[in-house]
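Below: target_23.cif (mmCIF, C-alpha atoms)
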```
data_work
loop_
_atom_site.label_atom_id
_atom_site.label_comp_id
_atom_site.auth_asym_id
_atom_site.auth_seq_id
_atom_site.Cartn_x
_atom_site.Cartn_y
_atom_site.Cartn_z
CA MET Q 237 -24.47 62.55 13.29
CA GLN Q 238 -22.40 60.17 11.19
CA GLN Q 239 -24.34 57.10 10.13
CA VAL Q 240 -23.03 53.88 11.67
CA PRO Q 241 -22.29 51.34 8.92
CA PRO Q 242 -24.31 48.13 9.09
CA ALA Q 243 -22.79 45.21 10.91
CA LEU Q 244 -21.43 42.36 8.82
CA PRO Q 245 -23.68 39.33 8.35
CA PRO Q 246 -22.92 36.67 10.95
CA PRO Q 247 -20.46 33.91 9.98
CA GLU Q 248 -22.09 30.92 8.36
CA ARG Q 249 -21.59 27.32 9.31
CA GLY Q 250 -20.23 25.40 6.36
CA LEU Q 251 -19.88 21.73 5.56
CA PRO Q 252 -18.25 19.21 7.94
CA VAL Q 253 -14.48 18.87 8.18
CA LEU Q 254 -13.04 16.51 5.59
CA PRO Q 255 -11.64 13.63 7.73
CA GLU Q 256 -8.28 13.55 5.93
CA LEU Q 257 -7.93 17.30 6.42
CA GLY Q 258 -8.67 16.94 10.13
CA GLU Q 259 -5.95 14.30 10.34
CA ARG Q 260 -3.40 16.71 8.86
CA LEU Q 261 -4.39 19.35 11.39
CA ALA Q 262 -4.14 16.92 14.29
CA GLY Q 263 -0.79 15.62 13.05
CA ALA Q 264 0.65 19.14 13.11
CA ALA Q 265 -0.78 20.06 16.52
CA GLY Q 266 2.63 19.59 18.15
CA LEU Q 267 4.35 22.23 16.03
CA ALA Q 268 5.49 24.92 18.46
CA GLY Q 269 7.39 27.29 16.18
CA PRO Q 270 5.45 30.13 14.55
CA GLU Q 271 4.63 30.11 10.86
CA PRO Q 272 6.48 32.88 8.98
CA VAL Q 273 4.41 35.93 8.09
CA GLY Q 274 3.11 35.36 4.59
CA GLY Q 275 3.38 31.59 4.92
CA GLY Q 276 6.22 29.09 5.04
CA ARG Q 277 7.95 27.76 1.97
CA ALA Q 278 5.91 24.53 1.82
CA LEU Q 279 2.59 26.39 1.94
CA ARG Q 280 3.62 28.93 -0.69
CA GLU Q 281 4.90 26.20 -3.01
CA ALA Q 282 1.60 24.36 -2.63
CA ALA Q 283 -0.19 27.58 -3.58
CA CYS Q 284 2.05 27.89 -6.65
CA GLY Q 285 1.05 24.39 -7.74
CA TYR Q 286 -2.63 25.21 -7.18
CA TRP Q 287 -2.43 28.26 -9.45
CA ALA Q 288 -0.21 26.55 -12.04
CA ARG Q 289 -2.92 23.91 -12.53
CA ARG Q 290 -5.25 26.81 -13.37
CA GLY Q 291 -2.97 28.32 -15.97
CA LEU Q 292 -1.28 30.87 -13.72
CA PRO Q 293 2.43 30.04 -13.30
CA THR Q 294 3.59 31.47 -9.98
CA GLU Q 295 6.79 31.68 -7.94
CA PRO Q 296 6.81 31.36 -4.13
CA GLY Q 297 8.20 34.88 -3.80
CA ARG Q 298 4.95 36.25 -5.23
CA VAL Q 299 2.64 34.46 -2.79
CA LEU Q 300 1.34 35.62 0.58
CA ALA Q 301 -0.81 33.64 3.02
CA ALA Q 302 -2.73 35.04 5.98
CA PRO Q 303 -5.40 34.00 8.50
CA GLY Q 304 -8.31 34.96 6.26
CA ALA Q 305 -8.97 37.05 3.18
CA GLN Q 306 -9.70 40.15 5.23
CA PRO Q 307 -6.12 40.72 6.49
CA LEU Q 308 -4.79 40.30 2.95
CA LEU Q 309 -7.33 42.70 1.46
CA LEU Q 310 -6.74 45.23 4.23
CA ALA Q 311 -2.98 45.04 3.64
CA LEU Q 312 -3.56 45.63 -0.08
CA PHE Q 313 -5.82 48.63 0.43
CA ALA Q 314 -3.40 50.14 2.95
CA SER Q 315 -0.35 49.52 0.76
CA ALA Q 316 -1.13 52.28 -1.74
CA GLY Q 317 -2.98 55.58 -1.82
CA GLY Q 318 -6.09 56.27 -3.81
CA GLU Q 319 -9.71 55.21 -3.94
CA VAL Q 320 -11.21 51.73 -4.15
CA LEU Q 321 -13.82 50.74 -6.74
CA LEU Q 322 -16.31 48.03 -5.75
CA THR Q 323 -19.33 46.51 -7.41
CA ARG Q 324 -22.89 47.00 -6.21
CA PRO Q 325 -23.59 44.53 -4.66
CA CYS Q 326 -20.31 43.12 -3.36
CA SER Q 327 -18.97 41.12 -0.44
CA ALA Q 328 -20.05 42.66 2.86
CA SER Q 329 -16.45 42.96 4.09
CA TYR Q 330 -15.04 45.04 1.22
CA SER Q 331 -16.36 48.48 2.18
CA PRO Q 332 -15.49 48.24 5.90
CA LEU Q 333 -11.96 47.13 5.01
CA ALA Q 334 -11.54 50.09 2.66
CA ARG Q 335 -12.66 52.46 5.41
CA LEU Q 336 -10.34 50.81 7.90
CA ALA Q 337 -7.45 51.35 5.48
CA GLY Q 338 -8.42 55.02 5.16
CA ARG Q 339 -9.63 54.67 1.56
CA LEU Q 340 -12.81 56.01 0.01
CA ALA Q 341 -14.87 53.31 -1.67
CA TYR Q 342 -17.10 53.86 -4.69
CA HIS Q 343 -19.70 51.34 -5.79
CA VAL Q 344 -20.36 50.69 -9.48
CA PRO Q 345 -23.55 48.90 -10.62
CA VAL Q 346 -23.25 45.44 -12.16
CA PRO Q 347 -24.65 44.49 -15.59
CA ALA Q 348 -27.90 42.60 -16.03
CA GLU Q 349 -26.12 39.32 -16.80
CA CYS Q 350 -24.18 38.82 -13.57
CA GLY Q 351 -22.79 40.21 -10.36
CA GLY Q 352 -19.17 40.49 -9.25
CA VAL Q 353 -17.99 42.73 -12.10
CA PRO Q 354 -19.12 46.28 -12.88
CA ASP Q 355 -20.86 47.48 -16.00
CA PRO Q 356 -17.85 48.62 -18.09
CA TYR Q 357 -19.41 51.92 -19.15
CA ALA Q 358 -20.49 52.74 -15.61
CA LEU Q 359 -16.95 51.90 -14.48
CA LEU Q 360 -15.39 54.40 -16.89
CA GLU Q 361 -17.91 57.07 -15.93
CA THR Q 362 -17.22 56.52 -12.22
CA VAL Q 363 -13.46 56.74 -12.74
CA ARG Q 364 -13.80 59.97 -14.69
CA ARG Q 365 -16.06 61.47 -12.04
CA ILE Q 366 -13.62 60.56 -9.26
CA ARG Q 367 -10.74 62.14 -11.16
CA ALA Q 368 -12.79 65.25 -11.92
CA GLU Q 369 -13.27 65.65 -8.17
CA GLY Q 370 -9.52 65.38 -7.57
CA GLY Q 371 -9.45 61.72 -6.55
CA ARG Q 372 -7.08 58.93 -7.60
CA PRO Q 373 -8.87 55.64 -8.25
CA ARG Q 374 -6.40 52.85 -7.56
CA PHE Q 375 -7.99 49.44 -6.92
CA LEU Q 376 -10.85 47.64 -8.63
CA VAL Q 377 -12.13 44.58 -6.76
CA LEU Q 378 -13.77 41.91 -8.92
CA SER Q 379 -15.40 38.59 -8.07
CA VAL Q 380 -15.91 36.67 -11.32
CA ALA Q 381 -17.28 33.66 -9.44
CA ASP Q 382 -19.31 35.91 -7.20
CA ASP Q 383 -19.89 35.11 -3.54
CA THR Q 384 -22.79 37.54 -3.18
CA THR Q 385 -24.93 36.66 -6.20
CA GLY Q 386 -23.67 33.16 -7.03
CA THR Q 387 -23.19 34.16 -10.67
CA VAL Q 388 -20.17 33.76 -12.96
CA ALA Q 389 -19.28 36.69 -15.20
CA PRO Q 390 -19.15 35.83 -18.93
CA PRO Q 391 -15.65 36.16 -20.43
CA GLU Q 392 -16.76 38.83 -22.91
CA ILE Q 393 -18.04 41.15 -20.17
CA LEU Q 394 -14.95 40.51 -18.07
CA HIS Q 395 -12.74 41.36 -21.05
CA GLU Q 396 -14.46 44.74 -21.48
CA VAL Q 397 -14.05 45.47 -17.77
CA CYS Q 398 -10.37 44.49 -17.79
CA GLU Q 399 -9.75 46.64 -20.88
CA ALA Q 400 -11.32 49.61 -19.10
CA ALA Q 401 -9.30 48.93 -15.94
CA ALA Q 402 -6.07 48.69 -17.94
CA ALA Q 403 -6.82 51.92 -19.80
CA GLU Q 404 -7.39 53.71 -16.48
CA GLU Q 405 -4.30 52.11 -14.87
CA LEU Q 406 -6.27 50.40 -12.12
CA THR Q 407 -4.85 47.50 -10.14
CA VAL Q 408 -7.40 44.69 -10.18
CA VAL Q 409 -7.93 42.53 -7.11
CA SER Q 410 -9.61 39.32 -8.30
CA ASP Q 411 -11.41 37.46 -5.52
CA GLU Q 412 -11.50 33.88 -6.84
CA THR Q 413 -12.65 32.14 -3.68
CA TRP Q 414 -15.51 30.21 -5.33
CA ARG Q 415 -13.99 29.48 -8.74
CA ASP Q 416 -13.72 25.76 -7.96
CA THR Q 417 -17.37 25.28 -6.99
CA LEU Q 418 -18.98 25.80 -10.40
CA HIS Q 419 -22.31 24.00 -10.27
CA ASP Q 420 -21.86 22.79 -13.84
CA PRO Q 421 -18.11 22.71 -14.52
CA HIS Q 422 -18.73 21.58 -18.10
CA GLY Q 423 -21.32 24.22 -18.89
CA THR Q 424 -19.97 27.32 -17.13
CA VAL Q 425 -16.73 28.93 -18.28
CA PHE Q 426 -14.54 30.65 -15.70
CA VAL Q 427 -11.90 33.06 -16.98
CA GLY Q 428 -9.93 35.11 -14.46
CA PRO Q 429 -8.62 38.67 -14.96
CA ALA Q 430 -5.02 37.53 -14.41
CA GLU Q 431 -5.28 35.47 -17.60
CA MET Q 432 -6.00 38.68 -19.53
CA TYR Q 433 -3.76 41.26 -17.83
CA PRO Q 434 -1.22 39.35 -15.71
CA ASP Q 435 0.81 42.42 -14.65
CA GLN Q 436 -2.18 44.30 -13.25
CA VAL Q 437 -4.02 41.65 -11.22
CA VAL Q 438 -3.66 40.42 -7.65
CA VAL Q 439 -5.49 37.10 -7.21
CA LEU Q 440 -7.07 36.49 -3.82
CA THR Q 441 -8.46 33.13 -2.69
CA ASP Q 442 -10.12 32.52 0.67
CA LEU Q 443 -9.56 28.86 1.51
CA ALA Q 444 -12.11 28.81 4.35
CA GLY Q 445 -15.26 27.45 2.76
CA PRO Q 446 -14.14 25.95 -0.56
CA LEU Q 447 -11.08 23.97 0.63
CA ALA Q 448 -11.14 24.20 4.42
CA PRO Q 449 -13.89 24.50 7.05
CA ALA Q 450 -15.44 27.93 7.47
CA GLY Q 451 -13.99 28.13 10.98
CA TRP Q 452 -10.38 27.78 9.81
CA PRO Q 453 -9.41 31.26 8.57
CA ALA Q 454 -6.81 30.90 5.81
CA ALA Q 455 -6.30 32.70 2.51
CA ILE Q 456 -3.65 33.15 -0.17
CA ALA Q 457 -2.82 35.96 -2.57
CA ARG Q 458 -0.84 35.89 -5.82
CA PHE Q 459 0.93 39.11 -6.79
CA PRO Q 460 1.92 39.99 -10.36
CA ALA Q 461 5.59 39.81 -11.32
CA GLY Q 462 5.44 43.10 -13.21
CA GLY Q 463 3.81 46.49 -12.89
CA ALA Q 464 3.08 47.53 -9.32
CA GLY Q 465 3.18 43.91 -8.13
CA PRO Q 466 6.61 43.90 -6.40
CA ALA Q 467 5.95 47.18 -4.57
CA LEU Q 468 2.48 46.06 -3.44
CA TYR Q 469 3.92 42.74 -2.27
CA ALA Q 470 6.67 44.40 -0.18
CA ARG Q 471 4.24 46.81 1.47
CA ALA Q 472 1.70 44.07 2.16
CA VAL Q 473 4.39 41.97 3.86
CA SER Q 474 5.31 44.92 6.08
CA LEU Q 475 1.70 45.50 7.08
CA LEU Q 476 1.02 41.83 7.79
CA THR Q 477 4.19 41.70 9.87
CA ALA Q 478 3.13 44.74 11.89
CA VAL Q 479 -0.07 43.02 13.01
CA ARG Q 480 1.42 39.49 13.29
CA ALA Q 481 -1.02 38.12 10.72
CA GLU Q 482 0.52 34.67 10.43
CA LEU Q 483 -1.29 31.35 10.14
CA PRO Q 484 -1.26 28.91 13.06
CA PRO Q 485 1.17 26.10 12.06
CA PRO Q 486 -1.44 23.30 12.22
CA VAL Q 487 -3.79 25.24 9.93
CA ALA Q 488 -0.90 26.04 7.58
CA ALA Q 489 0.01 22.35 7.37
CA ALA Q 490 -3.58 21.28 6.72
CA VAL Q 491 -4.39 23.88 4.04
CA GLY Q 492 -1.00 23.33 2.42
CA TRP Q 493 -1.94 19.70 1.98
CA ALA Q 494 -5.39 20.67 0.65
CA LEU Q 495 -3.82 23.00 -1.93
CA THR Q 496 -2.02 20.02 -3.50
CA GLU Q 497 -5.54 18.72 -4.26
CA PRO Q 498 -5.21 15.01 -3.47
CA GLU Q 499 -8.10 12.74 -4.40
CA PRO Q 500 -10.13 13.24 -1.18
CA VAL Q 501 -10.03 17.01 -1.68
CA ARG Q 502 -11.01 16.77 -5.34
CA ALA Q 503 -13.88 14.44 -4.48
CA ARG Q 504 -15.13 16.78 -1.73
CA SER Q 505 -14.94 19.79 -4.06
CA ALA Q 506 -16.97 18.01 -6.73
CA ALA Q 507 -19.57 16.84 -4.21
CA MET Q 508 -19.79 20.32 -2.70
CA ALA Q 509 -20.32 21.98 -6.09
CA ARG Q 510 -23.02 19.46 -7.01
CA LEU Q 511 -24.82 19.93 -3.69
CA TYR Q 512 -24.71 23.73 -3.88
CA GLY Q 513 -26.03 23.57 -7.43
CA LEU Q 514 -29.01 21.41 -6.49
CA LEU Q 515 -29.88 23.56 -3.48
CA GLY Q 516 -29.43 26.80 -5.38
CA GLU Q 517 -31.71 25.77 -8.23
CA ALA Q 518 -34.35 24.48 -5.81
CA ALA Q 519 -34.28 27.80 -3.94
CA ARG Q 520 -34.50 29.79 -7.18
CA GLU Q 521 -37.55 27.81 -8.32
CA ARG Q 522 -39.35 28.79 -5.13
CA LEU Q 523 -38.30 32.43 -5.48
CA ASP Q 524 -39.61 32.45 -9.06
CA ALA Q 525 -42.92 30.96 -7.90
CA ALA Q 526 -43.30 33.79 -5.38
CA GLY Q 527 -42.58 36.47 -8.00
CA ALA Q 528 -39.04 37.35 -6.88
CA LEU Q 529 -36.35 37.91 -9.49
CA CYS Q 530 -33.06 36.05 -9.17
CA ARG Q 531 -30.15 35.49 -11.52
CA PRO Q 532 -29.55 31.72 -11.84
CA PRO Q 533 -26.78 30.73 -9.40
CA ARG Q 534 -23.75 29.15 -11.08
CA THR Q 535 -21.23 28.80 -8.26
CA GLY Q 536 -20.91 28.70 -4.48
CA PRO Q 537 -23.58 28.53 -1.78
CA HIS Q 538 -25.42 31.84 -2.31
CA LEU Q 539 -27.99 33.50 -4.52
CA TYR Q 540 -29.34 37.05 -4.56
CA ALA Q 541 -33.06 37.75 -4.72
CA ASP Q 542 -34.73 40.97 -5.87
CA LEU Q 543 -38.28 41.50 -4.59
CA GLY Q 544 -38.77 44.86 -6.30
CA GLU Q 545 -41.68 43.48 -8.35
CA LEU Q 546 -43.46 42.80 -5.04
CA ARG Q 547 -43.08 46.32 -3.65
CA VAL Q 548 -46.84 46.96 -3.34
CA PRO Q 549 -47.77 43.79 -1.41
CA LEU Q 550 -44.62 44.15 0.67
CA ALA Q 551 -45.50 47.72 1.61
CA ALA Q 552 -48.93 46.51 2.70
CA ARG Q 553 -47.11 44.25 5.16
CA GLY Q 554 -44.86 47.03 6.45
CA VAL Q 555 -41.81 46.12 4.39
CA THR Q 556 -40.45 49.09 2.43
CA ASP Q 557 -36.68 48.58 2.36
CA SER Q 558 -34.03 45.89 2.65
CA VAL Q 559 -33.59 46.44 6.40
CA GLU Q 560 -37.24 45.63 7.06
CA LEU Q 561 -37.12 42.81 4.51
CA GLU Q 562 -34.16 41.27 6.33
CA GLU Q 563 -35.94 41.48 9.67
CA ARG Q 564 -39.13 39.93 8.30
CA LEU Q 565 -37.48 37.04 6.48
CA SER Q 566 -34.99 36.30 9.28
CA ALA Q 567 -37.87 36.02 11.74
CA ALA Q 568 -39.93 33.86 9.36
CA LEU Q 569 -37.08 31.45 8.56
CA GLY Q 570 -35.41 31.42 11.98
CA ARG Q 571 -31.99 32.24 10.55
CA PRO Q 572 -30.21 35.33 9.24
CA VAL Q 573 -31.27 36.46 5.77
CA PRO Q 574 -29.07 39.54 5.21
CA GLY Q 575 -30.53 42.40 3.23
CA GLY Q 576 -28.86 44.02 0.24
CA HIS Q 577 -27.83 47.07 2.30
CA ARG Q 578 -25.15 44.88 3.87
CA PHE Q 579 -23.61 44.31 0.43
CA GLY Q 580 -23.40 47.92 -0.69
CA ASP Q 581 -26.83 47.95 -2.31
CA ASP Q 582 -29.34 50.77 -2.00
CA PRO Q 583 -31.44 50.11 1.14
CA ASP Q 584 -34.56 51.10 -0.81
CA ALA Q 585 -33.94 48.18 -3.16
CA LEU Q 586 -35.78 45.13 -1.87
CA ARG Q 587 -32.98 42.59 -2.13
CA VAL Q 588 -31.62 39.81 0.09
CA ARG Q 589 -28.88 37.23 -0.12
CA ILE Q 590 -29.91 33.62 0.37
CA SER Q 591 -27.54 31.00 1.79
CA THR Q 592 -28.31 27.40 0.78
CA PRO Q 593 -26.46 25.22 3.38
CA PRO Q 594 -29.08 25.98 6.10
CA PHE Q 595 -31.57 23.93 4.07
CA LEU Q 596 -29.53 20.90 5.22
CA GLY Q 597 -30.00 21.62 8.92
CA THR Q 598 -27.25 22.18 11.46
CA GLY Q 599 -26.01 18.66 12.23
CA ASP Q 600 -22.73 17.54 10.72
CA ASP Q 601 -24.09 14.03 10.09
CA ARG Q 602 -26.96 15.36 8.00
CA ARG Q 603 -24.69 17.64 5.99
CA ARG Q 604 -22.20 14.81 5.46
CA ARG Q 605 -24.98 12.53 4.17
CA ALA Q 606 -26.17 15.24 1.80
CA LEU Q 607 -22.74 15.32 0.17
CA SER Q 608 -22.89 11.64 -0.76
CA THR Q 609 -26.56 10.83 -1.31
CA PRO Q 610 -27.74 10.65 -4.95
CA ASP Q 611 -30.73 12.93 -4.29
CA PRO Q 612 -30.24 15.23 -1.28
CA LEU Q 613 -33.44 17.10 -2.17
CA ALA Q 614 -35.45 13.98 -1.34
CA ASP Q 615 -34.49 14.11 2.33
CA PRO Q 616 -37.69 14.89 4.31
CA ASP Q 617 -35.98 17.57 6.38
CA VAL Q 618 -34.66 19.30 3.24
CA VAL Q 619 -38.12 19.07 1.66
CA GLU Q 620 -39.63 20.73 4.74
CA ALA Q 621 -36.94 23.44 4.85
CA LEU Q 622 -37.48 24.31 1.18
CA SER Q 623 -41.24 24.33 1.67
CA THR Q 624 -40.93 26.72 4.62
CA PHE Q 625 -38.60 28.90 2.54
CA GLY Q 626 -41.03 29.08 -0.37
CA SER Q 627 -43.97 29.76 1.93
CA ALA Q 628 -42.18 32.69 3.59
CA PHE Q 629 -41.70 34.41 0.24
CA SER Q 630 -45.18 33.54 -1.03
CA GLU Q 631 -46.71 35.04 2.12
CA LEU Q 632 -44.81 38.28 1.52
CA ALA Q 633 -46.08 38.31 -2.06
CA GLY Q 634 -49.65 38.03 -0.81
CA ASP Q 635 -50.26 34.53 -2.16
#
```
Just dump the structure as structure tokens.
Amino acid sequence: MQQVPPALPPPERGLPVLPELGERLAGAAGLAGPEPVGGGRALREAACGYWARRGLPTEPGRVLAAPGAQPLLLALFASAGGEVLLTRPCSASYSPLARLAGRLAYHVPVPAECGGVPDPYALLETVRRIRAEGGRPRFLVLSVADDTTGTVAPPEILHEVCEAAAAEELTVVSDETWRDTLHDPHGTVFVGPAEMYPDQVVVLTDLAGPLAPAGWPAAIARFPAGGAGPALYARAVSLLTAVRAELPPPVAAAVGWALTEPEPVRARSAAMARLYGLLGEAARERLDAAGALCRPPRTGPHLYADLGELRVPLAARGVTDSVELEERLSAALGRPVPGGHRFGDDPDALRVRISTPPFLGTGDDRRRRALSTPDPLADPDVVEALSTFGSAFSELAGD
């Protein structure tokens, strides 16, 4: 019997709606005409300005928008034949989207320093093995500012990976959703693949989470002007058109305004990055105290914990794989703590992804206060949530 793939982790509740963004949405509520597939001119021009400020000059004819990153990634995978190369671990949606597009997906382990990019030597070996078996590796999906592990790939490792991808004629899909939430923007360097090999990289940015509320699905993609870019763009447009994957006009108006990055948006982004950094470091300290290994988070709201050093005490408590670890921690914390098997990791590896916003509670008022208070970790409810979190891991470790 074919094994049923694990369900995706449930959607997470993000930070409250920025009031000015909500006003733009409400002001466009009366728009009755549909948004063009791929986004209207105003939205695509705003996306061009967003990328230009990051050193990636772009023309509107190379931009596509859709209601979420998943439709864009699915359209990309379905637009060309061949296999898809993913990291291990990677975003939980990548593998199911590859299967849905009829593509085989191969996972490549990440280096010790970071997640989101593969070990360059393992990448070359995987490509050669696929070709030896008659396959045609086509896409390599990277996440330099990684959603799963919260790490940021060093430029030197990324350069080696991009050199390998170029040598093997792979089209790189660079998921840069969390590039603007670096916890220490002055101490962490972000370099994207499109800055190294502009004709071989499609840049994908999910706006839901970093720029817009998690419940407003919206994403943009930047296609290269050369190489396979024009052909991939044309096919992606056709596929998005076939499934009517256009943005609702009010959402398009709101995220188009956010992409111009006015002062309220810049201030929210800075506050969000600071808050995620404080929560991530506090969570990592408690993981370290319990004996779990965790790469220091550098961006976004997640971190990835490895409890392999605790295998013996965990086995004594009936936890022998990431499925059982997920069940145990989710029950102990009263919220989903997805295991590594959901992110393409080996189920026998005792790993979980930790989300930091739940430490703030569920109320919008509490989360809004946390964005502006000088020391959100001093809030009694946050103190209690972090204490409960640390105790859950210490109990598993036998402490």
Please enumerate the residues selected by the PyMOL selection byres ((chain Q and resi 361) around 12) when evaluated against the supplied file, formatted as an mmCIF file with C-alpha atoms, in the coordinates of the input.
```cif
data_model
loop_
_atom_site.group_PDB
_atom_site.id
_atom_site.type_symbol
_atom_site.label_atom_id
_atom_site.label_comp_id
_atom_site.auth_asym_id
_atom_site.auth_seq_id
_atom_site.Cartn_x
_atom_site.Cartn_y
_atom_site.Cartn_z
ATOM 1 C CA LEU Q 321 -13.820 50.740 -6.740
ATOM 2 C CA TYR Q 342 -17.100 53.860 -4.690
ATOM 3 C CA HIS Q 343 -19.700 51.340 -5.790
ATOM 4 C CA VAL Q 344 -20.360 50.690 -9.480
ATOM 5 C CA PRO Q 345 -23.550 48.900 -10.620
ATOM 6 C CA PRO Q 354 -19.120 46.280 -12.880
ATOM 7 C CA ASP Q 355 -20.860 47.480 -16.000
ATOM 8 C CA PRO Q 356 -17.850 48.620 -18.090
ATOM 9 C CA TYR Q 357 -19.410 51.920 -19.150
ATOM 10 C CA ALA Q 358 -20.490 52.740 -15.610
ATOM 11 C CA LEU Q 359 -16.950 51.900 -14.480
ATOM 12 C CA LEU Q 360 -15.390 54.400 -16.890
ATOM 13 C CA THR Q 362 -17.220 56.520 -12.220
ATOM 14 C CA VAL Q 363 -13.460 56.740 -12.740
ATOM 15 C CA ARG Q 364 -13.800 59.970 -14.690
ATOM 16 C CA ARG Q 365 -16.060 61.470 -12.040
ATOM 17 C CA ILE Q 366 -13.620 60.560 -9.260
ATOM 18 C CA ARG Q 367 -10.740 62.140 -11.160
ATOM 19 C CA ALA Q 368 -12.790 65.250 -11.920
ATOM 20 C CA PRO Q 373 -8.870 55.640 -8.250
ATOM 21 C CA ALA Q 400 -11.320 49.610 -19.100
ATOM 22 C CA ALA Q 401 -9.300 48.930 -15.940
ATOM 23 C CA GLU Q 404 -7.390 53.710 -16.480
#
```
Nearest candidate to Q:Leu406 (options Q:Leu336, Q:Leu546, Q:Ala552, Q:Val320; using only C-alpha atoms):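 Residue with the minimum atom-to-atom distance to Q:Leu406: Q:Val320.
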Using all atoms listed in the file for the distances, tell me which of Q:Phe459, Q:Ala348, Q:Val425, Q:Tyr330 is nearest to Q:Val473.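 Using all atoms listed in the file, the shortest distance to Q:Val473 belongs to Q:Phe459.
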Distance in Å - atom CA of Q:Arg510 versus atom CA of Q:Leu607: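 Value for the atom CA of Q:Arg510-atom CA of Q:Leu607 distance: 8.3 Å.
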Evaluating the PyMOL selection byres ((chain Q and resi 394) around 10) on the displayed file yields which residues, as a list in words?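 Taken on the displayed file, the PyMOL selection byres ((chain Q and resi 394) around 10) yields the residues Gly352, Val353, Pro354, Asp355, Pro356, Leu378, Val380, Val388, Ala389, Pro390, Pro391, Glu392, Ile393, His395, Glu396, Val397, Cys398, Glu399, Ala400, Val427, Gly428, Pro429 and Met432 of chain Q.
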Can you list what the PyMOL selection byres ((chain Q and resi 276-285) around 8) grabs from this structure, as a ChimeraX atom specification? /Q:271-275,286-289,293-296,299-301,456,488-489,491-493,495-496
Mind writing the picked residues with C-alpha atoms as a tab-separated table (two decimals), keeping the file's coordinate frame?
```tsv
chain	number	residue	atom	x	y	z
Q	271	GLU	CA	4.63	30.11	10.86
Q	272	PRO	CA	6.48	32.88	8.98
Q	273	VAL	CA	4.41	35.93	8.09
Q	274	GLY	CA	3.11	35.36	4.59
Q	275	GLY	CA	3.38	31.59	4.92
Q	286	TYR	CA	-2.63	25.21	-7.18
Q	287	TRP	CA	-2.43	28.26	-9.45
Q	288	ALA	CA	-0.21	26.55	-12.04
Q	289	ARG	CA	-2.92	23.91	-12.53
Q	293	PRO	CA	2.43	30.04	-13.30
Q	294	THR	CA	3.59	31.47	-9.98
Q	295	GLU	CA	6.79	31.68	-7.94
Q	296	PRO	CA	6.81	31.36	-4.13
Q	299	VAL	CA	2.64	34.46	-2.79
Q	300	LEU	CA	1.34	35.62	0.58
Q	301	ALA	CA	-0.81	33.64	3.02
Q	456	ILE	CA	-3.65	33.15	-0.17
Q	488	ALA	CA	-0.90	26.04	7.58
Q	489	ALA	CA	0.01	22.35	7.37
Q	491	VAL	CA	-4.39	23.88	4.04
Q	492	GLY	CA	-1.00	23.33	2.42
Q	493	TRP	CA	-1.94	19.70	1.98
Q	495	LEU	CA	-3.82	23.00	-1.93
Q	496	THR	CA	-2.02	20.02	-3.50
```
Assuming the input is short of atoms at stretch 592-600 of chain Q, produce N, CA, C and O atoms for that part as a PDB file, keeping the file's coordinate frame.
```pdb
ATOM      1  N   THR Q 592     -27.649  28.700   0.959  1.00  0.00           N
ATOM      2  CA  THR Q 592     -28.310  27.400   0.780  1.00  0.00           C
ATOM      3  C   THR Q 592     -27.950  26.322   1.806  1.00  0.00           C
ATOM      4  O   THR Q 592     -28.784  25.450   2.068  1.00  0.00           O
ATOM      5  N   PRO Q 593     -26.743  26.292   2.421  1.00  0.00           N
ATOM      6  CA  PRO Q 593     -26.460  25.220   3.380  1.00  0.00           C
ATOM      7  C   PRO Q 593     -27.462  25.090   4.525  1.00  0.00           C
ATOM      8  O   PRO Q 593     -27.700  23.965   4.990  1.00  0.00           O
ATOM      9  N   PRO Q 594     -28.093  26.176   5.028  1.00  0.00           N
ATOM     10  CA  PRO Q 594     -29.080  25.980   6.100  1.00  0.00           C
ATOM     11  C   PRO Q 594     -30.243  25.088   5.742  1.00  0.00           C
ATOM     12  O   PRO Q 594     -30.917  24.560   6.640  1.00  0.00           O
ATOM     13  N   PHE Q 595     -30.515  24.873   4.445  1.00  0.00           N
ATOM     14  CA  PHE Q 595     -31.570  23.930   4.070  1.00  0.00           C
ATOM     15  C   PHE Q 595     -31.248  22.514   4.536  1.00  0.00           C
ATOM     16  O   PHE Q 595     -32.131  21.672   4.633  1.00  0.00           O
ATOM     17  N   LEU Q 596     -29.960  22.244   4.805  1.00  0.00           N
ATOM     18  CA  LEU Q 596     -29.530  20.900   5.220  1.00  0.00           C
ATOM     19  C   LEU Q 596     -29.634  20.694   6.718  1.00  0.00           C
ATOM     20  O   LEU Q 596     -29.366  19.590   7.199  1.00  0.00           O
ATOM     21  N   GLY Q 597     -30.007  21.725   7.472  1.00  0.00           N
ATOM     22  CA  GLY Q 597     -30.000  21.620   8.920  1.00  0.00           C
ATOM     23  C   GLY Q 597     -28.635  21.941   9.490  1.00  0.00           C
ATOM     24  O   GLY Q 597     -27.701  22.309   8.767  1.00  0.00           O
ATOM     25  N   THR Q 598     -28.488  21.784  10.789  1.00  0.00           N
ATOM     26  CA  THR Q 598     -27.250  22.180  11.460  1.00  0.00           C
ATOM     27  C   THR Q 598     -26.340  21.014  11.835  1.00  0.00           C
ATOM     28  O   THR Q 598     -25.179  21.229  12.172  1.00  0.00           O
ATOM     29  N   GLY Q 599     -26.821  19.804  11.807  1.00  0.00           N
ATOM     30  CA  GLY Q 599     -26.010  18.660  12.230  1.00  0.00           C
ATOM     31  C   GLY Q 599     -24.991  18.256  11.185  1.00  0.00           C
ATOM     32  O   GLY Q 599     -25.285  18.207   9.986  1.00  0.00           O
ATOM     33  N   ASP Q 600     -23.774  17.959  11.640  1.00  0.00           N
ATOM     34  CA  ASP Q 600     -22.730  17.540  10.720  1.00  0.00           C
ATOM     35  C   ASP Q 600     -23.084  16.235  10.016  1.00  0.00           C
ATOM     36  O   ASP Q 600     -22.762  16.050   8.829  1.00  0.00           O
TER      37      ASP Q 600
END
```
